[in-house]
Structures are given as C-alpha cells and as structure tokens.
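Raw work_20.tsv, TSV, C-alpha atoms and all ligand atoms:
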chain	number	residue	atom	x	y	z
A	547	MET	CA	2.60	-14.75	-11.97
A	548	LYS	CA	2.75	-11.11	-10.77
A	549	ASN	CA	6.04	-9.58	-9.63
A	550	ILE	CA	5.45	-7.59	-6.47
A	551	LEU	CA	8.11	-5.45	-4.80
A	552	ALA	CA	7.89	-5.31	-0.98
A	553	ILE	CA	9.71	-2.29	0.43
A	554	HIS	CA	10.17	-2.46	4.19
A	555	THR	CA	10.80	0.79	6.06
A	556	GLY	CA	10.20	-0.11	9.73
A	557	GLY	CA	7.42	0.69	12.22
A	558	THR	CA	5.53	-1.53	14.64
A	559	ILE	CA	4.94	-4.06	11.85
A	560	SER	CA	8.66	-4.84	12.02
A	561	MET	CA	9.07	-4.51	15.80
A	562	SER	CA	8.72	-7.02	18.66
A	563	GLN	CA	7.70	-6.85	22.28
A	564	ASN	CA	10.48	-7.57	24.80
A	565	ASP	CA	10.04	-9.39	28.12
A	566	LYS	CA	9.20	-6.07	29.84
A	567	GLY	CA	6.30	-5.54	27.40
A	568	GLU	CA	8.06	-2.67	25.58
A	569	VAL	CA	7.77	-2.53	21.79
A	570	VAL	CA	11.26	-2.21	20.30
A	571	PRO	CA	12.86	-2.22	16.86
A	572	SER	CA	15.39	-4.95	16.10
A	573	ALA	CA	18.11	-5.42	13.53
A	574	HIS	CA	16.22	-8.38	12.11
A	575	ASN	CA	12.89	-7.37	10.51
A	576	PRO	CA	10.45	-10.25	11.21
A	577	ILE	CA	7.98	-9.25	8.49
A	578	ALA	CA	10.64	-9.16	5.76
A	579	ALA	CA	11.34	-12.86	6.30
A	580	GLN	CA	7.66	-13.78	5.81
A	581	THR	CA	7.70	-14.68	2.15
A	582	THR	CA	6.76	-18.37	2.36
A	583	ILE	CA	3.05	-17.69	2.96
A	584	LEU	CA	2.97	-16.17	-0.50
A	585	ALA	CA	4.80	-18.85	-2.42
A	586	GLY	CA	2.94	-19.92	-5.52
A	587	TRP	CA	0.74	-16.97	-6.34
A	588	VAL	CA	3.10	-13.96	-6.50
A	589	GLN	CA	6.80	-13.50	-7.03
A	590	LEU	CA	7.82	-11.35	-4.07
A	591	ILE	CA	10.96	-9.21	-4.31
A	592	THR	CA	12.03	-7.93	-0.88
A	593	ASP	CA	13.90	-4.69	-0.24
A	594	GLU	CA	14.66	-3.66	3.35
A	595	LEU	CA	15.20	-0.04	2.34
A	596	PHE	CA	15.49	1.19	5.95
A	597	ASN	CA	14.21	0.25	9.39
A	598	LEU	CA	12.91	3.34	11.18
A	599	PRO	CA	10.09	4.10	13.59
A	600	SER	CA	7.86	6.33	11.49
A	601	PRO	CA	8.36	9.47	13.67
A	602	HIS	CA	11.94	9.29	12.30
A	603	VAL	CA	10.77	9.30	8.66
A	604	THR	CA	11.45	12.61	6.87
A	605	PRO	CA	10.39	13.92	3.44
A	606	ALA	CA	13.91	12.98	2.24
A	607	ARG	CA	13.17	9.35	3.24
A	608	MET	CA	9.82	9.56	1.44
A	609	LEU	CA	11.68	10.65	-1.69
A	610	GLU	CA	14.04	7.67	-1.27
A	611	ILE	CA	11.01	5.33	-1.33
A	612	GLN	CA	9.59	7.17	-4.35
A	613	GLN	CA	12.86	6.82	-6.26
A	614	ARG	CA	13.02	3.10	-5.46
A	615	ILE	CA	9.51	2.65	-6.86
A	616	VAL	CA	10.30	4.66	-10.01
A	617	ARG	CA	13.30	2.36	-10.65
A	618	ALA	CA	11.17	-0.75	-10.06
A	619	GLU	CA	8.46	0.53	-12.39
A	620	ALA	CA	11.02	1.13	-15.12
A	621	ALA	CA	12.21	-2.45	-14.62
A	622	GLY	CA	8.65	-3.74	-15.16
A	623	ILE	CA	7.37	-4.49	-11.65
A	624	ASP	CA	3.61	-5.22	-11.48
A	625	GLY	CA	2.86	-3.75	-8.05
A	626	VAL	CA	4.47	-2.41	-4.88
A	627	VAL	CA	3.76	-2.91	-1.18
A	628	ILE	CA	5.39	-0.66	1.41
A	629	THR	CA	5.43	-1.56	5.11
A	630	HIS	CA	5.67	1.55	7.29
A	631	GLY	CA	5.09	2.76	10.84
A	632	THR	CA	1.54	3.95	11.27
A	633	ASP	CA	2.27	7.31	12.96
A	634	THR	CA	3.31	9.05	9.73
A	635	LEU	CA	2.08	6.42	7.26
A	636	GLU	CA	-0.55	8.76	5.83
A	637	GLU	CA	2.09	11.39	5.05
A	638	THR	CA	4.42	9.01	3.22
A	639	ALA	CA	1.46	7.48	1.35
A	640	TYR	CA	0.25	10.91	0.23
A	641	PHE	CA	3.77	12.04	-0.71
A	642	LEU	CA	4.00	8.98	-3.01
A	643	ASP	CA	0.51	9.66	-4.37
A	644	LEU	CA	1.60	13.17	-5.39
A	645	THR	CA	4.95	12.17	-6.89
A	646	LEU	CA	4.38	8.84	-8.69
A	647	PRO	CA	2.67	8.40	-12.05
A	648	ASN	CA	-0.03	6.32	-10.29
A	649	THR	CA	-0.43	3.53	-12.82
A	650	ILE	CA	0.75	0.31	-11.15
A	651	PRO	CA	-0.80	-0.44	-7.73
A	652	VAL	CA	1.23	1.02	-4.86
A	653	VAL	CA	-0.08	-0.04	-1.46
A	654	VAL	CA	1.09	1.12	1.97
A	655	THR	CA	0.41	-0.93	5.08
A	656	GLY	CA	1.49	-1.26	8.70
A	657	ALA	CA	0.42	-2.73	12.02
A	658	MET	CA	-0.84	-1.60	15.38
A	659	ARG	CA	0.44	-4.68	17.22
A	660	SER	CA	4.05	-5.78	16.97
A	661	SER	CA	5.11	-9.06	15.38
A	662	ASN	CA	5.04	-11.25	18.53
A	663	GLN	CA	2.02	-9.75	20.30
A	664	VAL	CA	-1.17	-11.80	20.66
A	665	GLY	CA	-3.49	-10.86	17.79
A	666	SER	CA	-0.68	-9.24	15.82
A	667	ASP	CA	-2.12	-7.62	12.68
A	668	GLY	CA	1.13	-7.15	10.78
A	669	LEU	CA	1.32	-10.33	8.75
A	670	TYR	CA	-2.40	-10.17	7.98
A	671	ASN	CA	-2.19	-6.57	6.73
A	672	PHE	CA	0.96	-7.35	4.74
A	673	HIS	CA	-0.80	-10.29	3.09
A	674	SER	CA	-3.90	-8.18	2.32
A	675	ALA	CA	-1.71	-5.42	0.86
A	676	ILE	CA	-0.07	-7.94	-1.49
A	677	GLU	CA	-3.51	-9.19	-2.56
A	678	VAL	CA	-4.48	-5.61	-3.42
A	679	ALA	CA	-1.18	-4.83	-5.17
A	680	ALA	CA	-1.45	-7.99	-7.29
A	681	ALA	CA	-5.02	-7.28	-8.49
A	682	ASP	CA	-5.52	-5.69	-11.92
A	683	VAL	CA	-8.52	-3.82	-10.56
A	684	SER	CA	-6.17	-1.86	-8.25
A	685	ARG	CA	-4.39	-0.12	-11.18
A	686	ASP	CA	-4.84	3.63	-11.80
A	687	LYS	CA	-6.24	4.26	-8.33
A	688	GLY	CA	-3.47	6.37	-6.86
A	689	VAL	CA	-1.55	5.20	-3.82
A	690	LEU	CA	-3.67	3.03	-1.54
A	691	VAL	CA	-3.55	2.32	2.18
A	692	VAL	CA	-4.63	-1.18	3.20
A	693	MET	CA	-5.30	-1.98	6.86
A	694	ASN	CA	-7.85	-4.12	8.65
A	695	ASP	CA	-9.61	-5.40	5.47
A	696	GLU	CA	-10.24	-1.88	4.12
A	697	ILE	CA	-8.79	-0.04	1.14
A	698	HIS	CA	-8.35	3.71	1.60
A	699	THR	CA	-6.94	6.42	-0.63
A	700	ALA	CA	-3.67	7.98	0.45
A	701	ARG	CA	-5.31	11.36	-0.16
A	702	TYR	CA	-7.93	11.16	2.54
A	703	VAL	CA	-7.05	8.36	5.00
A	704	THR	CA	-5.93	9.29	8.50
A	705	LYS	CA	-4.83	7.58	11.71
A	706	THR	CA	-7.63	8.10	14.23
A	707	HIS	CA	-6.80	5.94	17.25
A	708	THR	CA	-3.59	5.52	19.24
A	709	THR	CA	-3.79	1.73	19.62
A	710	ASN	CA	-6.92	0.19	18.04
A	711	VAL	CA	-6.35	-1.99	14.95
A	712	ALA	CA	-9.25	-0.16	13.25
A	713	THR	CA	-7.35	3.11	13.50
A	714	PHE	CA	-7.22	4.04	9.79
A	715	ARG	CA	-10.35	5.84	8.67
A	716	THR	CA	-11.38	8.11	5.83
A	717	PRO	CA	-13.55	10.84	7.36
A	718	THR	CA	-16.27	12.42	5.18
A	719	PHE	CA	-15.70	10.17	2.14
A	720	GLY	CA	-15.15	6.63	3.48
A	721	PRO	CA	-12.86	3.84	2.22
A	722	ILE	CA	-12.91	3.22	-1.55
A	723	GLY	CA	-12.88	-0.56	-1.26
A	724	LEU	CA	-12.91	-3.68	0.87
A	725	ILE	CA	-11.07	-6.99	0.87
A	726	ALA	CA	-13.18	-10.06	1.49
A	727	HIS	CA	-11.74	-13.59	1.23
A	728	GLY	CA	-8.64	-12.26	-0.47
A	729	THR	CA	-10.47	-10.34	-3.19
A	730	PRO	CA	-10.31	-6.54	-3.35
A	731	THR	CA	-13.55	-4.86	-4.43
A	732	TYR	CA	-13.87	-1.12	-5.15
A	733	PHE	CA	-16.91	1.09	-4.63
A	734	GLN	CA	-15.56	4.56	-5.43
A	735	GLN	CA	-13.19	6.24	-7.88
A	736	LEU	CA	-10.91	9.18	-7.02
A	737	ILE	CA	-10.83	12.37	-9.07
A	738	GLN	CA	-7.48	12.37	-10.91
A	739	GLN	CA	-5.06	15.10	-9.87
A	740	THR	CA	-1.77	16.53	-11.03
A	741	THR	CA	1.37	14.76	-9.87
A	742	CYS	CA	4.96	16.11	-9.74
A	743	ASP	CA	8.09	14.05	-10.30
A	744	ILE	CA	10.41	15.92	-7.91
A	745	ASP	CA	14.14	15.28	-7.39
A	746	HIS	CA	14.59	17.05	-4.03
A	747	VAL	CA	12.50	18.23	-1.10
A	748	VAL	CA	12.52	21.71	0.41
A	749	ASP	CA	12.65	22.44	4.15
A	750	GLY	CA	10.77	25.12	6.04
A	751	VAL	CA	7.15	24.10	5.41
A	752	TYR	CA	5.25	24.34	8.70
A	753	LEU	CA	1.90	23.35	10.20
A	754	LEU	CA	0.05	25.30	12.91
A	755	LYS	CA	-3.26	24.53	14.57
A	756	ALA	CA	-5.63	27.39	15.48
A	757	TYR	CA	-7.29	27.59	18.89
A	758	ALA	CA	-9.66	29.90	20.77
A	759	GLY	CA	-7.86	33.11	21.70
A	760	MET	CA	-4.80	32.41	19.48
A	761	ASP	CA	-2.57	35.43	18.86
A	762	GLY	CA	0.28	36.10	16.45
A	763	THR	CA	3.14	34.60	18.49
A	764	PHE	CA	3.68	31.44	16.44
A	765	PHE	CA	3.18	33.27	13.13
A	766	ASP	CA	5.73	35.93	14.11
A	767	ALA	CA	8.24	33.18	14.93
A	768	LEU	CA	7.94	32.01	11.31
A	769	ALA	CA	8.59	35.45	9.78
A	770	ASN	CA	12.13	34.64	8.63
A	771	ASP	CA	13.99	33.58	5.50
A	772	ARG	CA	13.89	29.86	6.37
A	773	THR	CA	10.09	29.71	6.08
A	774	ARG	CA	8.99	28.48	2.65
A	775	GLY	CA	5.32	27.78	3.36
A	776	LEU	CA	2.72	27.37	6.08
A	777	VAL	CA	-0.42	25.31	6.57
A	778	ILE	CA	-2.94	26.45	9.16
A	779	GLU	CA	-5.57	24.12	10.60
A	780	GLY	CA	-8.27	26.76	10.99
A	781	LEU	CA	-11.39	26.72	13.14
A	782	GLY	CA	-14.61	25.18	11.82
A	783	ALA	CA	-15.22	25.84	8.13
A	784	GLY	CA	-11.89	27.72	7.94
A	785	ASN	CA	-11.74	30.77	10.25
A	786	LEU	CA	-9.08	32.35	12.48
A	787	PRO	CA	-9.13	34.40	15.69
A	788	PRO	CA	-8.76	38.13	14.84
A	789	ARG	CA	-5.55	38.62	16.86
A	790	THR	CA	-3.69	36.33	14.43
A	791	LEU	CA	-4.46	38.46	11.38
A	792	PRO	CA	-1.69	41.14	11.46
A	793	SER	CA	0.94	38.41	11.84
A	794	VAL	CA	-0.63	36.28	9.09
A	795	GLN	CA	-0.55	39.35	6.84
A	796	ARG	CA	3.16	39.88	7.62
A	797	LEU	CA	3.89	36.32	6.41
A	798	LEU	CA	1.91	36.94	3.22
A	799	ASP	CA	3.87	40.18	2.70
A	800	ARG	CA	7.03	38.03	2.72
A	801	GLN	CA	5.50	36.02	-0.20
A	802	ILE	CA	5.12	32.94	2.01
A	803	PRO	CA	2.26	30.80	0.66
A	804	ILE	CA	-0.29	29.95	3.36
A	805	VAL	CA	-2.75	27.08	3.02
A	806	LEU	CA	-5.90	26.94	5.13
A	807	VAL	CA	-7.59	23.66	6.07
A	808	SER	CA	-9.96	22.87	8.92
A	809	ARG	CA	-9.03	21.39	12.27
A	810	CYS	CA	-12.40	19.55	12.14
A	811	TYR	CA	-12.24	15.80	11.62
A	812	ASN	CA	-15.04	15.85	9.02
A	813	GLY	CA	-15.97	18.27	6.24
A	814	VAL	CA	-14.00	20.67	4.05
A	815	ALA	CA	-12.55	24.18	4.48
A	816	GLU	CA	-14.70	26.80	2.74
A	817	ASP	CA	-15.04	30.58	2.62
A	818	ILE	CA	-18.47	30.87	4.21
A	819	TYR	CA	-18.13	33.47	6.98
A	820	ASP	CA	-17.79	37.20	6.43
A	821	TYR	CA	-16.55	38.52	9.78
A	822	GLN	CA	-13.09	39.51	10.98
A	823	GLY	CA	-10.92	36.38	10.56
A	824	GLY	CA	-13.70	34.55	8.69
A	825	GLY	CA	-12.94	32.40	5.63
A	826	ILE	CA	-14.04	35.13	3.20
A	827	GLU	CA	-11.50	37.62	4.60
A	828	LEU	CA	-8.80	34.94	4.69
A	829	ARG	CA	-9.38	34.06	1.03
A	830	LYS	CA	-9.30	37.76	0.08
A	831	MET	CA	-6.00	38.13	1.99
A	832	GLY	CA	-4.56	35.39	-0.26
A	833	LEU	CA	-4.72	32.19	1.77
A	834	HIS	CA	-5.21	29.03	-0.32
A	835	LEU	CA	-8.25	27.09	0.89
A	836	CYS	CA	-7.48	23.42	0.47
A	837	GLN	CA	-10.65	21.34	0.55
A	838	GLY	CA	-10.83	17.92	2.14
A	839	LEU	CA	-7.20	17.51	3.19
A	840	ASN	CA	-6.18	17.41	6.84
A	841	GLY	CA	-3.30	19.57	8.03
A	842	GLN	CA	-0.56	16.99	7.67
A	843	LYS	CA	-1.66	16.07	4.12
A	844	ALA	CA	-1.96	19.72	3.08
A	845	ARG	CA	1.57	20.25	4.39
A	846	ILE	CA	2.86	17.38	2.23
A	847	LYS	CA	1.04	18.80	-0.78
A	848	LEU	CA	2.48	22.29	-0.25
A	849	LEU	CA	5.95	20.81	0.31
A	850	VAL	CA	5.75	18.78	-2.92
A	851	GLY	CA	4.44	21.77	-4.90
A	852	LEU	CA	7.21	24.03	-3.59
A	853	SER	CA	9.82	21.32	-4.20
A	854	ALA	CA	8.62	21.20	-7.82
A	855	GLY	CA	9.19	24.97	-8.06
A	856	LEU	CA	5.51	25.84	-8.42
A	857	GLN	CA	4.40	29.34	-7.51
A	858	GLY	CA	1.56	31.79	-8.15
A	859	PRO	CA	-1.40	30.44	-10.14
A	860	GLN	CA	0.41	27.10	-10.81
A	861	LEU	CA	0.72	26.50	-7.08
A	862	THR	CA	-2.93	27.51	-6.55
A	863	ASP	CA	-4.02	25.00	-9.22
A	864	PHE	CA	-1.87	22.26	-7.73
A	865	LEU	CA	-3.32	22.83	-4.25
A	866	ARG	CA	-6.90	22.49	-5.55
A	867	THR	CA	-8.43	19.15	-4.53
A	868	ALA	CA	-12.07	19.33	-5.56
A	869	VAL	CA	-14.10	20.13	-8.67
A	870	SER	CA	-17.06	22.52	-8.36
B	1	LIG	N1	5.15	4.33	16.60
B	1	LIG	C1	5.00	3.35	15.54
B	1	LIG	C2	5.56	3.93	14.26
B	1	LIG	O1	4.92	4.70	13.63
B	1	LIG	C3	3.57	3.02	15.39
B	1	LIG	C4	3.26	1.96	14.38
B	1	LIG	O2	4.04	1.62	13.51
B	1	LIG	O3	2.13	1.44	14.43
B	1	LIG	O4	6.66	3.58	13.91
With the file now loaded, output its structure as structure tokens.
Amino acid sequence: MKNILAIHTGGTISMSQNDKGEVVPSAHNPIAAQTTILAGWVQLITDELFNLPSPHVTPARMLEIQQRIVRAEAAGIDGVVITHGTDTLEETAYFLDLTLPNTIPVVVTGAMRSSNQVGSDGLYNFHSAIEVAAADVSRDKGVLVVMNDEIHTARYVTKTHTTNVATFRTPTFGPIGLIAHGTPTYFQQLIQQTTCDIDHVVDGVYLLKAYAGMDGTFFDALANDRTRGLVIEGLGAGNLPPRTLPSVQRLLDRQIPIVLVSRCYNGVAEDIYDYQGGGIELRKMGLHLCQGLNGQKARIKLLVGLSAGLQGPQLTDFLRTAVS
C-alpha cells in the first residue's frame, strides 16, 4: 500500500459557507478530516501545516511546504498531495517544481466551491489528487496540478476564471493528462529543467504589466536598493512602449535583472520586432526573454534563481524554458 502525505494549507477547499452565504475559513479544516473515503487503498498521513487563504501565502510559506516535502521524501514517502487556495496555487506549485528533486509525485489541488456548498468540488479534487499521487506513472513528471479531472504541469497551468470549477487551464500547450474512472493517463512529457534546493527566499522581486501609453513612473519607483529583480509582462510578442525605455535602462544600469514575458494569454515572448521598444531592442538592452511562462510564474522563477545566488550567464541559463 502506498504512503501518501497530505499537506493542508487552507483555501476554499478548507472553508465553509456561513448562513449569510459568505465563504469563511474555520479553525477546523473539513477536508483534513476526510480520510475514511480512502481507507484500504492508500495509507494517508495528514499534516495541517497551516490554514491560510492563498492571498496570504508568501514565498516563505512556499519554502515551508518544500521543506516539509523534502523531510517526507527522506523518510520514504511515496507521494504528496497539497491542498491550497486556488488564487496563488499556480505560484506555490511552480515554486515547488523549481525547488524539489521532482522524483516522487507531488500534486497540488484546491476547490472553487467551499466544503458545504452544493456541488462542492473539494473532496472530489482531493480524491483525484491522491489517485494521481499514488500512481507509479506520475513519477518524474515535475509538480502536477490536479483539478476537475485534468492533470496540468505546475510550469504552465494558470487560473483563468474567478468562480468556474473548470478554472485551471494550460494555455498554448494543454493539460498533460486526464483522470478517468480513477486512473491517471498521460499524453505529454515535460522537458526536464534545472532545479535549485534553496534554503531562504529573497524579497524585492516585482512584477509589472505593460499597457498602451505606459511611461517610466513604475520603473522609476523600483530604482532603489531593495529591488532585486523585475518581471515585465510586455505587449504582444514581447514589446514595450518607448517612454518606458530610459527608466528600464536605469534599472539595468543598477544591475537589476529584468525578465520579459508576454501579457498575452497564449503564445511565447520572442524577439521579433525591430522598432523602438520592440523585442529585439529589449533583448539587446539585456532583458531576459522567458518563453512560455506567465508573469507570476516568471516572477517565481526569478525569485528562486536569485535566492539560489545565481547571476550572469547562470541566471540566464536557469531562466531559459524552451529548447530551440
Ligand atoms: N480565495 C480563495 C483562496 O485562494 C480561492 C480558492 O481557494 O479557491 O484562498
């Protein structure tokens, strides 16, 4: 029988609706008590690590989850399931993907409807996540996100809807697997990437979104000693309005690494355009183009790389996501 560690961290999956219809956290986590449905086919070890709405989860909390998993792996656990609020689930999942050795299955799940709402998806997703974590075929796949009968990679999945249970999608590439009648089946394999076993997380890594007519105001506000790195969600294939450029250059002059992704939902950032503020100029200025990641994932990647002490060409290599 497989030993599966369930780490509960909070979110809607552990919340309930009160008599006014408001969704609220409670001291007692209803999902953590749900172990009887699994009796017989896995040995479930439950750890209520913390109980936070996911907007309260910080990189330091993500590291706490990572360290718990590292300890469990050393003790011989077969797989891990993490329940988490959906708002920042993709960031925690990707943080773990970048910082764990990625051998045993590690599966993150959550819910869009709280535990006592009609059609609650929490218990179902939790059960599916355990099925995925207990399957040998789920090994060596990186951290996975399981919701609504689909298996996504932590690297590319994103929350796309405020309330719909089918909120988690993988734009451009699609889910890597499905769960039907309790059996996970995979259709794609991720390209392996470098991971970093970090022991602390740095602050001062920021994310800005470009817009038509943007100027340097936000960039100038970041020109200080607290800023360690910046991710910009650029326009289209990866371009910026010209009025931002002098301020972007001032940040680069301070040796602040800047990563460029696209604010588009689909596609990858590329240096295609050769006009003022186009991707070609931005690459020549020294911005790192990070292909396929959304802004919040690129920020986690930059934060992990900086926390590992990477700089220069090592950081550039670490930020690379595709092979061409
Ligand atoms: N606001 C909630 C959270 O992220 C949403 C959810 O869990 O679905 O904690």
Box along x, y and z, 8 Å on every side, all listed atoms of ligand LIG 1 (chain B) inside: centre and edge lengths in Å to one decimal, as AutoDock Vina command-line options.
--center_x 4.4 --center_y 3.1 --center_z 15.1 --size_x 20.5 --size_y 19.3 --size_z 19.1
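Taking atom CA of Gly723 of chain A and atom CA of Ala681 of chain A as endpoints, the distance between them is 12.6 Å.
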Please, which residues have at least one atom within 12 Å of an atom of ligand LIG 1 (chain B), using all atoms listed in the file, listed as a ChimeraX atom specification? /A:554-562,568-571,597-603,629-638,654-661,666-668,671,693,705-714
I'd like the contact shell of Ser808 of chain A - 9 Å cut-off, all atoms listed in the file, skipping same-chain residues fewer than 6 positions apart - returned as a PyMOL selection string. chain A and resi 755+778-785+814-816+836-841
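Between Asp593 of chain A and the candidates A:Arg614, A:His834, A:Arg809, A:Lys566, the tightest atom-to-atom separation, counting all atoms listed in the file, involves A:Arg614.
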I'd like the neighbourhood of Phe765 of chain A as a VMD selection string, where a residue qualifies if any of its atoms comes within 8 Å (using only C-alpha atoms), though same-chain residues fewer than 4 positions away should be ignored. chain A and resid 769 790 793 to 794 797
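The coordinates place atom CA of Asn662 of chain A at 15.2 Å from atom CA of Ala573 of chain A.
Here atom CA of Thr741 of chain A is placed at a distance of 18.1 Å from atom CA of Val626 of chain A.
Distances to Ala578 of chain A were evaluated for A:Met760, A:Ile628, A:Ile611, A:Ala620 using all atoms listed in the file, and the minimum falls at A:Ile628.
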With only C-alpha atoms counted and 12 Å as the cut-off, give the residues of segment 575-635 of chain A in contact with segment 849-869 of chain A, each with its shortest interatomic distance in Å and the pair that gives it, as a Markdown table.
| residue | atom | partner | partner_atom | distance |
| --- | --- | --- | --- | --- |
| A:Thr604 | CA | A:Leu849 | CA | 11.9 |
| A:Pro605 | CA | A:Leu849 | CA | 8.8 |
| A:Ala606 | CA | A:Val850 | CA | 11.3 |
| A:Met608 | CA | A:Val850 | CA | 11.0 |
| A:Leu609 | CA | A:Val850 | CA | 10.1 |
Keeping only C-alpha atoms, write the selected residues as a PDB file, in the coordinates of the input.
ATOM      1  CA  THR A 604      11.450  12.610   6.870  1.00  0.00           C
ATOM      2  CA  PRO A 605      10.390  13.920   3.440  1.00  0.00           C
ATOM      3  CA  ALA A 606      13.910  12.980   2.240  1.00  0.00           C
ATOM      4  CA  MET A 608       9.820   9.560   1.440  1.00  0.00           C
ATOM      5  CA  LEU A 609      11.680  10.650  -1.690  1.00  0.00           C
TER       6      LEU A 609
END
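Between Leu690 of chain A and the candidates A:Gly832, A:Pro721, A:Gly622, A:Pro788, the tightest atom-to-atom separation, counting only C-alpha atoms, involves A:Pro721.
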Counting all atoms listed in the file, the residue among A:Tyr670, A:Gly625, A:Asp771, A:Asp695 that lies closest to Thr731 of chain A is A:Asp695
Please list as a list in words every residue within 12 Å of Val616 of chain A, counting all atoms listed in the file and excluding residues in the same chain fewer than 6 positions away. Leu551, Leu609, Glu610, Gly622, Ile623, Gly625, Val626, Leu642, Thr645, Leu646, Pro647, Asn648, Thr649, Ile650, Val652, Asp743, Ile744 and Asp745 of chain A
Fewer than 4 positions away in the same chain doesn't count, so skip those; otherwise give me all residues within 7 Å of Val777 of chain A, counting all atoms listed in the file, as a PyMOL selection string. chain A and resi 752-754+804-806+841+844-845
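When all atoms listed in the file are used to compute distances to Ala726 of chain A, the closest of the residues A:Val691, A:Val747, A:Ile697, A:Ala552 turns out to be A:Ile697.
For Phe719 of chain A, the list of residues within 10 Å, based on all atoms listed in the file and with local chain neighbours fewer than 3 positions off taken out, reads His698, Thr699, Tyr702, Val703, Arg715, Thr716, Ile722, Gln734, Asn812, Gly813 and Gly838 of chain A.
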